[in-house]
file data-v2.pdb (PDB, C-alpha atoms and all ligand atoms)
ATOM      1  CA  MET A   1     133.621   3.183 -17.376
ATOM      2  CA  LYS A   2     135.670   5.197 -14.900
ATOM      3  CA  ARG A   3     133.699   6.485 -11.958
ATOM      4  CA  MET A   4     133.802  10.084 -10.719
ATOM      5  CA  LEU A   5     132.282  11.672  -7.654
ATOM      6  CA  TRP A   6     131.747  15.388  -8.137
ATOM      7  CA  ILE A   7     131.317  17.171  -4.793
ATOM      8  CA  LEU A   8     129.800  20.590  -5.359
ATOM      9  CA  ASN A   9     129.142  23.413  -2.889
ATOM     10  CA  PRO A  10     126.116  25.250  -4.349
ATOM     11  CA  HIS A  11     126.788  28.408  -2.318
ATOM     12  CA  ALA A  12     130.519  28.830  -2.975
ATOM     13  CA  GLY A  13     131.449  32.069  -4.711
ATOM     14  CA  ARG A  14     127.867  33.322  -4.302
ATOM     15  CA  GLY A  15     126.497  30.526  -6.418
ATOM     16  CA  ALA A  16     129.251  30.662  -9.042
ATOM     17  CA  MET A  17     128.483  27.134 -10.274
ATOM     18  CA  SER A  18     124.868  27.735 -11.186
ATOM     19  CA  GLY A  19     124.530  27.517 -14.951
ATOM     20  CA  LYS A  20     127.957  25.862 -15.261
ATOM     21  CA  ILE A  21     127.063  22.292 -14.416
ATOM     22  CA  ILE A  22     126.147  21.100 -17.916
ATOM     23  CA  GLY A  23     129.474  22.279 -19.326
ATOM     24  CA  CYS A  24     131.415  20.561 -16.569
ATOM     25  CA  VAL A  25     129.555  17.253 -16.715
ATOM     26  CA  THR A  26     129.970  17.249 -20.488
ATOM     27  CA  ALA A  27     133.741  17.579 -20.041
ATOM     28  CA  PHE A  28     133.765  14.786 -17.460
ATOM     29  CA  GLN A  29     131.750  12.445 -19.676
ATOM     30  CA  GLN A  30     133.909  13.209 -22.704
ATOM     31  CA  ALA A  31     136.916  12.189 -20.603
ATOM     32  CA  GLY A  32     135.233   8.820 -20.069
ATOM     33  CA  TYR A  33     133.732   9.273 -16.627
ATOM     34  CA  ASP A  34     130.421   8.109 -15.283
ATOM     35  CA  VAL A  35     129.610  11.055 -12.984
ATOM     36  CA  THR A  36     127.874  11.038  -9.635
ATOM     37  CA  ILE A  37     127.075  14.550  -8.387
ATOM     38  CA  TYR A  38     126.870  15.281  -4.679
ATOM     39  CA  ILE A  39     125.568  18.724  -3.646
ATOM     40  CA  THR A  40     126.911  19.601  -0.188
ATOM     41  CA  GLN A  41     124.240  20.305   2.387
ATOM     42  CA  GLY A  42     126.244  22.306   4.912
ATOM     43  CA  ALA A  43     129.509  22.605   6.769
ATOM     44  CA  GLN A  44     131.661  19.452   6.926
ATOM     45  CA  ASP A  45     129.380  17.572   4.537
ATOM     46  CA  ALA A  46     132.097  17.526   1.854
ATOM     47  CA  THR A  47     134.516  15.961   4.345
ATOM     48  CA  ARG A  48     132.066  13.246   5.298
ATOM     49  CA  VAL A  49     131.176  12.354   1.728
ATOM     50  CA  ALA A  50     134.812  12.286   0.568
ATOM     51  CA  ARG A  51     135.807  10.121   3.526
ATOM     52  CA  GLU A  52     132.911   7.677   3.249
ATOM     53  CA  ARG A  53     132.784   7.298  -0.524
ATOM     54  CA  ALA A  54     136.384   7.721  -1.716
ATOM     55  CA  GLY A  55     136.766   3.971  -2.193
ATOM     56  CA  GLU A  56     133.882   3.796  -4.708
ATOM     57  CA  PHE A  57     135.426   6.158  -7.267
ATOM     58  CA  ASP A  58     138.406   6.506  -9.584
ATOM     59  CA  ARG A  59     138.422  10.246  -9.220
ATOM     60  CA  ILE A  60     136.932  12.863  -6.918
ATOM     61  CA  VAL A  61     136.355  16.382  -8.164
ATOM     62  CA  CYS A  62     135.588  19.280  -5.881
ATOM     63  CA  ALA A  63     133.723  22.418  -6.968
ATOM     64  CA  GLY A  64     133.785  25.235  -4.441
ATOM     65  CA  GLY A  65     136.089  27.730  -2.816
ATOM     66  CA  ASP A  66     139.081  27.170  -0.586
ATOM     67  CA  GLY A  67     136.813  26.065   2.262
ATOM     68  CA  THR A  68     135.175  23.287   0.271
ATOM     69  CA  LEU A  69     138.516  22.131  -1.120
ATOM     70  CA  ASN A  70     139.889  22.007   2.402
ATOM     71  CA  GLU A  71     136.919  19.907   3.480
ATOM     72  CA  VAL A  72     137.303  17.449   0.591
ATOM     73  CA  ILE A  73     141.040  17.071   1.201
ATOM     74  CA  THR A  74     140.357  16.489   4.892
ATOM     75  CA  GLY A  75     137.919  13.727   3.956
ATOM     76  CA  LEU A  76     140.454  12.153   1.603
ATOM     77  CA  MET A  77     143.138  12.273   4.285
ATOM     78  CA  GLN A  78     140.769  10.360   6.571
ATOM     79  CA  ALA A  79     139.762   7.840   3.881
ATOM     80  CA  GLU A  80     141.292   4.411   3.422
ATOM     81  CA  THR A  81     141.932   4.956  -0.283
ATOM     82  CA  ARG A  82     142.661   8.282  -1.965
ATOM     83  CA  PRO A  83     141.624   8.636  -5.578
ATOM     84  CA  VAL A  84     143.094  11.433  -7.703
ATOM     85  CA  LEU A  85     141.549  14.794  -6.836
ATOM     86  CA  GLY A  86     140.373  17.331  -9.409
ATOM     87  CA  TYR A  87     139.225  20.864  -8.682
ATOM     88  CA  VAL A  88     136.801  23.255 -10.331
ATOM     89  CA  PRO A  89     137.385  26.554  -8.517
ATOM     90  CA  ALA A  90     134.163  28.346  -7.624
ATOM     91  CA  GLY A  91     135.171  30.518  -4.689
ATOM     92  CA  THR A  92     135.928  34.182  -4.485
ATOM     93  CA  THR A  93     139.733  34.055  -4.309
ATOM     94  CA  ASN A  94     140.953  30.631  -5.506
ATOM     95  CA  ASP A  95     144.636  31.381  -4.873
ATOM     96  CA  PHE A  96     145.438  27.726  -4.688
ATOM     97  CA  ALA A  97     143.818  26.771  -7.983
ATOM     98  CA  PHE A  98     145.445  29.510  -9.997
ATOM     99  CA  SER A  99     148.901  28.636  -8.733
ATOM    100  CA  LEU A 100     148.307  25.135 -10.107
ATOM    101  CA  GLY A 101     147.374  26.470 -13.526
ATOM    102  CA  ILE A 102     143.697  25.614 -13.172
ATOM    103  CA  SER A 103     141.380  27.708 -15.313
ATOM    104  CA  LYS A 104     138.863  30.200 -13.935
ATOM    105  CA  VAL A 105     136.374  28.990 -16.524
ATOM    106  CA  PRO A 106     134.499  26.034 -14.996
ATOM    107  CA  ALA A 107     134.217  23.941 -18.193
ATOM    108  CA  GLU A 108     137.954  24.397 -18.809
ATOM    109  CA  ALA A 109     138.755  23.555 -15.208
ATOM    110  CA  ALA A 110     136.608  20.437 -15.613
ATOM    111  CA  VAL A 111     138.779  19.276 -18.526
ATOM    112  CA  ILE A 112     141.848  19.657 -16.303
ATOM    113  CA  ALA A 113     140.083  17.980 -13.365
ATOM    114  CA  ALA A 114     139.338  14.924 -15.494
ATOM    115  CA  GLY A 115     142.720  15.016 -17.244
ATOM    116  CA  ASP A 116     145.960  13.121 -16.918
ATOM    117  CA  THR A 117     148.372  15.839 -15.789
ATOM    118  CA  LEU A 118     148.914  14.803 -12.207
ATOM    119  CA  GLN A 119     150.925  16.315  -9.387
ATOM    120  CA  ALA A 120     151.566  15.031  -5.886
ATOM    121  CA  LEU A 121     150.844  17.590  -3.192
ATOM    122  CA  ASP A 122     152.031  17.935   0.362
ATOM    123  CA  ILE A 123     149.189  18.311   2.829
ATOM    124  CA  GLY A 124     149.594  19.866   6.270
ATOM    125  CA  ARG A 125     148.348  18.060   9.315
ATOM    126  CA  PHE A 126     147.371  20.619  11.966
ATOM    127  CA  ASN A 127     146.628  18.779  15.222
ATOM    128  CA  ASP A 128     143.741  16.599  14.005
ATOM    129  CA  ARG A 129     142.838  18.848  11.064
ATOM    130  CA  TYR A 130     144.415  19.473   7.659
ATOM    131  CA  PHE A 131     145.317  22.401   5.449
ATOM    132  CA  ASN A 132     146.202  22.669   1.791
ATOM    133  CA  TYR A 133     148.423  25.701   1.693
ATOM    134  CA  ILE A 134     148.439  27.919   4.744
ATOM    135  CA  ALA A 135     148.127  27.874   8.522
ATOM    136  CA  ALA A 136     148.477  31.302  10.093
ATOM    137  CA  PHE A 137     147.976  33.175  13.355
ATOM    138  CA  GLY A 138     148.133  36.781  14.351
ATOM    139  CA  ALA A 139     146.609  40.165  14.213
ATOM    140  CA  PHE A 140     146.049  40.204  10.501
ATOM    141  CA  THR A 141     144.583  36.808   9.890
ATOM    142  CA  GLU A 142     141.174  38.220   9.008
ATOM    143  CA  VAL A 143     142.836  40.373   6.376
ATOM    144  CA  SER A 144     144.550  37.346   4.917
ATOM    145  CA  TYR A 145     141.181  35.905   3.962
ATOM    146  CA  GLU A 146     141.099  38.504   1.246
ATOM    147  CA  THR A 147     144.626  38.299  -0.076
ATOM    148  CA  PRO A 148     144.539  39.442  -3.676
ATOM    149  CA  GLN A 149     145.752  37.379  -6.607
ATOM    150  CA  GLN A 150     148.627  39.706  -7.376
ATOM    151  CA  THR A 151     150.305  38.816  -4.112
ATOM    152  CA  LYS A 152     153.024  36.597  -5.408
ATOM    153  CA  ASN A 153     154.702  34.896  -2.506
ATOM    154  CA  ILE A 154     154.964  34.417   1.207
ATOM    155  CA  PHE A 155     156.749  37.729   1.729
ATOM    156  CA  GLY A 156     154.577  39.636  -0.644
ATOM    157  CA  ARG A 157     151.537  38.240   1.063
ATOM    158  CA  ALA A 158     152.778  39.188   4.516
ATOM    159  CA  ALA A 159     153.842  42.608   3.314
ATOM    160  CA  TYR A 160     150.463  43.218   1.760
ATOM    161  CA  ILE A 161     148.775  42.268   4.992
ATOM    162  CA  ILE A 162     151.027  44.611   6.910
ATOM    163  CA  GLU A 163     150.311  47.452   4.510
ATOM    164  CA  GLY A 164     146.678  46.814   5.229
ATOM    165  CA  ILE A 165     146.986  47.148   8.982
ATOM    166  CA  LYS A 166     149.166  50.240   9.179
ATOM    167  CA  ALA A 167     146.188  52.188  10.418
ATOM    168  CA  LEU A 168     145.758  49.867  13.374
ATOM    169  CA  THR A 169     147.266  51.027  16.623
ATOM    170  CA  ASN A 170     146.926  47.950  18.804
ATOM    171  CA  ILE A 171     148.597  44.931  17.275
ATOM    172  CA  LYS A 172     148.289  41.970  19.587
ATOM    173  CA  THR A 173     151.468  40.220  20.640
ATOM    174  CA  TYR A 174     151.590  36.478  21.215
ATOM    175  CA  HIS A 175     154.224  34.875  23.434
ATOM    176  CA  ILE A 176     154.935  31.520  21.805
ATOM    177  CA  ARG A 177     157.370  28.640  22.157
ATOM    178  CA  VAL A 178     158.330  27.320  18.737
ATOM    179  CA  ASN A 179     159.938  23.957  18.274
ATOM    180  CA  SER A 180     161.174  22.249  15.144
ATOM    181  CA  ALA A 181     164.198  20.147  14.267
ATOM    182  CA  GLU A 182     165.782  23.262  12.744
ATOM    183  CA  THR A 183     164.782  25.950  15.225
ATOM    184  CA  GLN A 184     163.800  26.318  18.839
ATOM    185  CA  MET A 185     162.721  29.708  20.096
ATOM    186  CA  GLU A 186     160.518  31.374  22.662
ATOM    187  CA  ASP A 187     159.567  34.908  21.843
ATOM    188  CA  ASP A 188     156.856  37.466  21.171
ATOM    189  CA  PHE A 189     155.341  37.463  17.706
ATOM    190  CA  ILE A 190     152.605  39.465  16.027
ATOM    191  CA  TYR A 191     152.088  37.134  13.107
ATOM    192  CA  GLY A 192     153.095  33.731  11.885
ATOM    193  CA  MET A 193     152.436  31.535   8.896
ATOM    194  CA  VAL A 194     153.330  28.034   7.839
ATOM    195  CA  THR A 195     152.838  27.628   4.138
ATOM    196  CA  ASN A 196     153.482  25.713   0.986
ATOM    197  CA  THR A 197     154.790  28.817  -0.712
ATOM    198  CA  VAL A 198     154.008  28.234  -4.322
ATOM    199  CA  SER A 199     150.412  27.548  -3.552
ATOM    200  CA  VAL A 200     149.825  30.902  -1.859
ATOM    201  CA  GLY A 201     149.245  32.426  -5.237
ATOM    202  CA  GLY A 202     153.006  32.493  -5.361
ATOM    203  CA  PHE A 203     154.558  31.790  -8.704
ATOM    204  CA  LYS A 204     157.863  33.310  -7.756
ATOM    205  CA  THR A 205     159.776  31.904  -4.871
ATOM    206  CA  ILE A 206     162.525  33.569  -2.935
ATOM    207  CA  ARG A 207     164.853  30.659  -3.472
ATOM    208  CA  PRO A 208     166.422  30.369  -6.908
ATOM    209  CA  ASP A 209     166.145  26.601  -6.763
ATOM    210  CA  GLY A 210     162.407  26.960  -6.418
ATOM    211  CA  VAL A 211     160.022  25.528  -3.874
ATOM    212  CA  ALA A 212     158.060  22.445  -4.765
ATOM    213  CA  LEU A 213     154.602  21.540  -3.570
ATOM    214  CA  ASP A 214     155.794  18.027  -2.902
ATOM    215  CA  ASP A 215     159.189  18.509  -1.253
ATOM    216  CA  GLY A 216     157.974  17.651   2.237
ATOM    217  CA  LEU A 217     158.856  21.108   3.545
ATOM    218  CA  TYR A 218     156.929  24.124   4.669
ATOM    219  CA  GLU A 219     158.122  27.676   4.849
ATOM    220  CA  VAL A 220     157.711  29.352   8.224
ATOM    221  CA  LEU A 221     157.572  33.117   8.677
ATOM    222  CA  LEU A 222     157.317  34.553  12.203
ATOM    223  CA  ILE A 223     157.142  38.323  12.628
ATOM    224  CA  TYR A 224     158.416  40.053  15.768
ATOM    225  CA  PRO A 225     156.525  42.952  17.362
ATOM    226  CA  VAL A 226     156.898  46.461  15.991
ATOM    227  CA  GLU A 227     157.018  49.495  18.257
ATOM    228  CA  ASN A 228     155.879  52.275  15.953
ATOM    229  CA  PRO A 229     154.651  53.041  12.425
ATOM    230  CA  MET A 230     158.212  53.613  11.211
ATOM    231  CA  GLU A 231     159.218  50.097  12.272
ATOM    232  CA  LEU A 232     156.116  48.758  10.595
ATOM    233  CA  GLN A 233     157.235  50.430   7.384
ATOM    234  CA  TRP A 234     160.719  48.907   7.686
ATOM    235  CA  LEU A 235     159.166  45.529   8.323
ATOM    236  CA  ALA A 236     157.028  45.846   5.205
ATOM    237  CA  ASN A 237     160.113  46.863   3.227
ATOM    238  CA  ASP A 238     162.119  43.895   4.506
ATOM    239  CA  LEU A 239     159.312  41.571   3.498
ATOM    240  CA  LEU A 240     158.826  43.117   0.089
ATOM    241  CA  THR A 241     162.546  43.023  -0.672
ATOM    242  CA  HIS A 242     162.780  39.419   0.590
ATOM    243  CA  ASN A 243     165.442  40.379   3.083
ATOM    244  CA  VAL A 244     165.763  37.008   4.762
ATOM    245  CA  GLU A 245     168.566  38.403   6.957
ATOM    246  CA  SER A 246     166.122  40.860   8.556
ATOM    247  CA  ASN A 247     165.962  40.783  12.344
ATOM    248  CA  ARG A 248     162.320  41.845  12.186
ATOM    249  CA  PHE A 249     161.189  38.313  11.414
ATOM    250  CA  ALA A 250     162.359  34.712  11.512
ATOM    251  CA  TYR A 251     162.173  32.620   8.371
ATOM    252  CA  PHE A 252     163.038  28.956   7.895
ATOM    253  CA  ARG A 253     161.861  25.725   6.305
ATOM    254  CA  THR A 254     160.798  22.610   8.133
ATOM    255  CA  SER A 255     158.729  19.461   7.822
ATOM    256  CA  LYS A 256     157.415  19.449  11.381
ATOM    257  CA  ILE A 257     156.853  22.245  13.876
ATOM    258  CA  SER A 258     155.012  22.868  17.118
ATOM    259  CA  PHE A 259     153.736  26.040  18.741
ATOM    260  CA  SER A 260     152.736  26.348  22.373
ATOM    261  CA  SER A 261     151.551  29.307  24.407
ATOM    262  CA  ASP A 262     149.969  30.065  27.752
ATOM    263  CA  ASP A 263     147.334  32.208  26.083
ATOM    264  CA  GLU A 264     145.061  30.964  23.314
ATOM    265  CA  VAL A 265     146.192  31.783  19.813
ATOM    266  CA  THR A 266     143.615  32.047  17.029
ATOM    267  CA  TRP A 267     144.636  30.262  13.839
ATOM    268  CA  THR A 268     143.292  30.228  10.307
ATOM    269  CA  LEU A 269     143.628  27.244   7.983
ATOM    270  CA  ASP A 270     143.377  27.981   4.258
ATOM    271  CA  GLY A 271     141.582  31.187   5.223
ATOM    272  CA  GLU A 272     138.983  29.499   7.444
ATOM    273  CA  PHE A 273     138.796  29.601  11.233
ATOM    274  CA  GLY A 274     141.238  27.009  12.590
ATOM    275  CA  GLY A 275     140.537  27.281  16.318
ATOM    276  CA  ALA A 276     141.757  29.199  19.400
ATOM    277  CA  LEU A 277     144.507  26.951  20.711
ATOM    278  CA  HIS A 278     147.333  26.629  23.247
ATOM    279  CA  ASN A 279     149.178  23.867  21.436
ATOM    280  CA  VAL A 280     149.564  23.282  17.736
ATOM    281  CA  GLN A 281     151.512  20.542  16.036
ATOM    282  CA  ILE A 282     151.983  20.875  12.270
ATOM    283  CA  THR A 283     153.366  18.048  10.169
ATOM    284  CA  ASN A 284     153.952  17.995   6.441
ATOM    285  CA  CYS A 285     152.287  14.884   4.990
ATOM    286  CA  SER A 286     154.480  14.685   1.944
ATOM    287  CA  ARG A 287     152.834  13.827  -1.389
ATOM    288  CA  ALA A 288     149.656  12.800   0.429
ATOM    289  CA  ILE A 289     147.232  13.822  -2.324
ATOM    290  CA  THR A 290     147.536  13.379  -6.082
ATOM    291  CA  PHE A 291     146.027  16.383  -7.785
ATOM    292  CA  ALA A 292     144.940  16.822 -11.402
ATOM    293  CA  THR A 293     146.538  20.119 -12.442
ATOM    294  CA  GLY A 294     146.932  22.442 -15.383
ATOM    295  CA  LYS A 295     150.260  23.039 -17.084
ATOM    296  CA  GLU A 296     153.475  24.190 -15.448
ATOM    297  CA  PRO A 297     152.373  23.980 -11.827
ATOM    298  CA  GLU A 298     155.490  25.430 -10.194
ATOM    299  CA  GLY A 299     157.579  28.507 -10.411
ATOM    300  CA  LYS A 300     157.197  29.220 -14.109
ATOM    301  CA  GLU A 301     154.683  32.030 -14.406
ATOM    302  CA  SER A 302     154.544  35.479 -12.952
TER     303      SER A 302
HETATM  304  N1  LIG A 401     124.702  23.693   1.318
HETATM  305  C1  LIG A 401     125.501  24.495   2.044
HETATM  306  N2  LIG A 401     124.982  25.522   2.720
HETATM  307  C2  LIG A 401     125.759  26.352   3.437
HETATM  308  N3  LIG A 401     127.095  26.223   3.571
HETATM  309  C3  LIG A 401     127.661  25.210   2.910
HETATM  310  C4  LIG A 401     126.902  24.308   2.115
HETATM  311  N4  LIG A 401     127.758  23.395   1.581
HETATM  312  C5  LIG A 401     128.982  23.733   2.044
HETATM  313  N5  LIG A 401     128.940  24.806   2.843
HETATM  314  C6  LIG A 401     130.032  25.506   3.532
HETATM  315  O1  LIG A 401     130.396  26.663   2.814
HETATM  316  C7  LIG A 401     131.696  27.026   3.272
HETATM  317  C8  LIG A 401     132.337  28.054   2.367
HETATM  318  O2  LIG A 401     132.594  27.484   1.137
HETATM  319  P1  LIG A 401     133.842  27.894   0.238
HETATM  320  O3  LIG A 401     134.971  28.419   1.051
HETATM  321  O4  LIG A 401     134.099  26.750  -0.631
HETATM  322  O5  LIG A 401     133.216  29.053  -0.633
HETATM  323  P2  LIG A 401     133.476  30.599  -0.619
HETATM  324  O6  LIG A 401     133.553  31.067   0.811
HETATM  325  O7  LIG A 401     132.499  31.252  -1.499
HETATM  326  O8  LIG A 401     134.879  30.651  -1.326
HETATM  327  P3  LIG A 401     136.240  31.312  -0.874
HETATM  328  O9  LIG A 401     136.574  30.715   0.476
HETATM  329  O10 LIG A 401     137.236  30.942  -1.930
HETATM  330  O11 LIG A 401     135.966  32.769  -0.807
HETATM  331  C9  LIG A 401     132.406  25.705   3.350
HETATM  332  O12 LIG A 401     133.369  25.736   4.396
HETATM  333  C10 LIG A 401     131.291  24.696   3.648
HETATM  334  O13 LIG A 401     131.373  24.187   4.966
END
call {"tool": "encode", "arguments": {"input": "data-v2.pdb", "output": "structure tokens", "more": "lines below"}}
Ligand SMILES: Nc1ncnc2c1ncn2[C@@H]1O[C@H](COP(=O)(O)OP(=O)(O)OP(=O)(O)O)[C@@H](O)[C@H]1O
result
Amino acid sequence: MKRMLWILNPHAGRGAMSGKIIGCVTAFQQAGYDVTIYITQGAQDATRVARERAGEFDRIVCAGGDGTLNEVITGLMQAETRPVLGYVPAGTTNDFAFSLGISKVPAEAAVIAAGDTLQALDIGRFNDRYFNYIAAFGAFTEVSYETPQQTKNIFGRAAYIIEGIKALTNIKTYHIRVNSAETQMEDDFIYGMVTNTVSVGGFKTIRPDGVALDDGLYEVLLIYPVENPMELQWLANDLLTHNVESNRFAYFRTSKISFSSDDEVTWTLDGEFGGALHNVQITNCSRAITFATGKEPEGKES
């Protein structure tokens, strides 16, 4: 029999998994798996268990929100062998899962998690940590925790965030040196994000050729300071209309990028606190994780 480790955060999504476990385990067993369930006991427990036990199983399935998924992926990145990863979303937002066509209904997600539709995913290495879909800094990073599902892409997401902070008067500016093979700059920024676009709830991409989750590239968006509410409005418009020629932000794609600053910059990784840091090195670990997904994972839906 195939062996599965199911790592489950009992508190994710305010206990969203309670009452759903029988349906999920049934789906796993019907797919031919002998299931071991591990209930996480606190922060970082999912990372430890994934790292230590990955080699014992044919598949690992995570049930939780973005935070738990991030922890499991971190554990897999640190493990010697990496079994296929399945995901039963049980958080409050689940941007990442929906962009991969994974069902909101746990028993349906379990069928996908145990299924044979597989997709390689790029994983971001962020100093000695990892992220699945987004690393961001700036004044609005708390807001980005709550990005709604209808936000379709990197620009839409940023524009939404900016809409949300129009009432704020003091937007902090960060002086940062940015270095990648494609771009070197030193400037003031109010916000920045490095993201695997499609996975930020983004079914549409700004490039007609589409953006893949396994192309080894991240999209980088760095927003320059705004002086007044009118400029903030123009910035939001440029983002919403995908005006990549705008001089209000810098936008490019890269596989490796570093940020350094004299002052500490607070980052978020997949919506969780990523640290207050002077130096950040981000590398795209191309196709590092094989993920069990639903249908049509990229660029097809809206
Ligand atoms: N037994 C536990 N008790 C308390 N916290 C836990 C436990 N197990 C895991 N955690 C922590 O809970 C954190 C939040 O989980 P997660 O992000 O998956 O759920 P969520 O916050 O409800 O979902 P979302 O982030 O999608 O809104 C994880 O980062 C993890 O460290």
call {"tool": "atom_distance", "arguments": {"input": "data-v2.pdb", "atom1": "atom CA of A:Gly91", "atom2": "atom CA of A:Ala50"}}
result
19.0 Å
call {"tool": "closest_residue", "arguments": {"input": "data-v2.pdb", "among": "A:Ile73, A:Leu222, A:Leu232, A:Ala120", "to": "A:Asp270", "atoms": "only C-alpha atoms"}}
result
A:Ile73
call {"tool": "atom_distance", "arguments": {"input": "data-v2.pdb", "atom1": "atom CA of A:Phe137", "atom2": "atom CA of A:Trp267"}}
result
4.5 Å
call {"tool": "residues_near_ligand", "arguments": {"input": "data-v2.pdb", "ligand": "ligand LIG 401 (chain A)", "cutoff": "10 Å", "atoms": "only C-alpha atoms and all ligand atoms", "output": "ChimeraX atom specification"}}
result
/A:7-16,39-47,62-72,89-97,145-146,270-273
call {"tool": "atom_distance", "arguments": {"input": "data-v2.pdb", "atom1": "atom CA of A:Asp128", "atom2": "atom CA of A:Thr183"}}
result
23.1 Å
call {"tool": "residues_around", "arguments": {"input": "data-v2.pdb", "residues": "A:Met4", "least_positions_apart": "5", "cutoff": "12 Å", "atoms": "only C-alpha atoms", "output": "MDAnalysis selection string"}}
result
chainID A and resid 25 27:29 31:38 50 53:62 83:86 110 113:114
call {"tool": "residues_around", "arguments": {"input": "data-v2.pdb", "residues": "A:Asn179", "least_positions_apart": "2", "cutoff": "10 Å", "atoms": "only C-alpha atoms", "output": "ChimeraX atom specification"}}
result
/A:176-177,181-186,256-260,281
call {"tool": "write_last_selection", "arguments": {"input": "data-v2.pdb", "atoms": "C-alpha atoms", "output": "PDB file, keeping the file's coordinate frame"}}
result
ATOM      1  CA  ILE A 176     154.935  31.520  21.805  1.00  0.00           C
ATOM      2  CA  ARG A 177     157.370  28.640  22.157  1.00  0.00           C
ATOM      3  CA  ALA A 181     164.198  20.147  14.267  1.00  0.00           C
ATOM      4  CA  GLU A 182     165.782  23.262  12.744  1.00  0.00           C
ATOM      5  CA  THR A 183     164.782  25.950  15.225  1.00  0.00           C
ATOM      6  CA  GLN A 184     163.800  26.318  18.839  1.00  0.00           C
ATOM      7  CA  MET A 185     162.721  29.708  20.096  1.00  0.00           C
ATOM      8  CA  GLU A 186     160.518  31.374  22.662  1.00  0.00           C
ATOM      9  CA  LYS A 256     157.415  19.449  11.381  1.00  0.00           C
ATOM     10  CA  ILE A 257     156.853  22.245  13.876  1.00  0.00           C
ATOM     11  CA  SER A 258     155.012  22.868  17.118  1.00  0.00           C
ATOM     12  CA  PHE A 259     153.736  26.040  18.741  1.00  0.00           C
ATOM     13  CA  SER A 260     152.736  26.348  22.373  1.00  0.00           C
ATOM     14  CA  GLN A 281     151.512  20.542  16.036  1.00  0.00           C
TER      15      GLN A 281
END
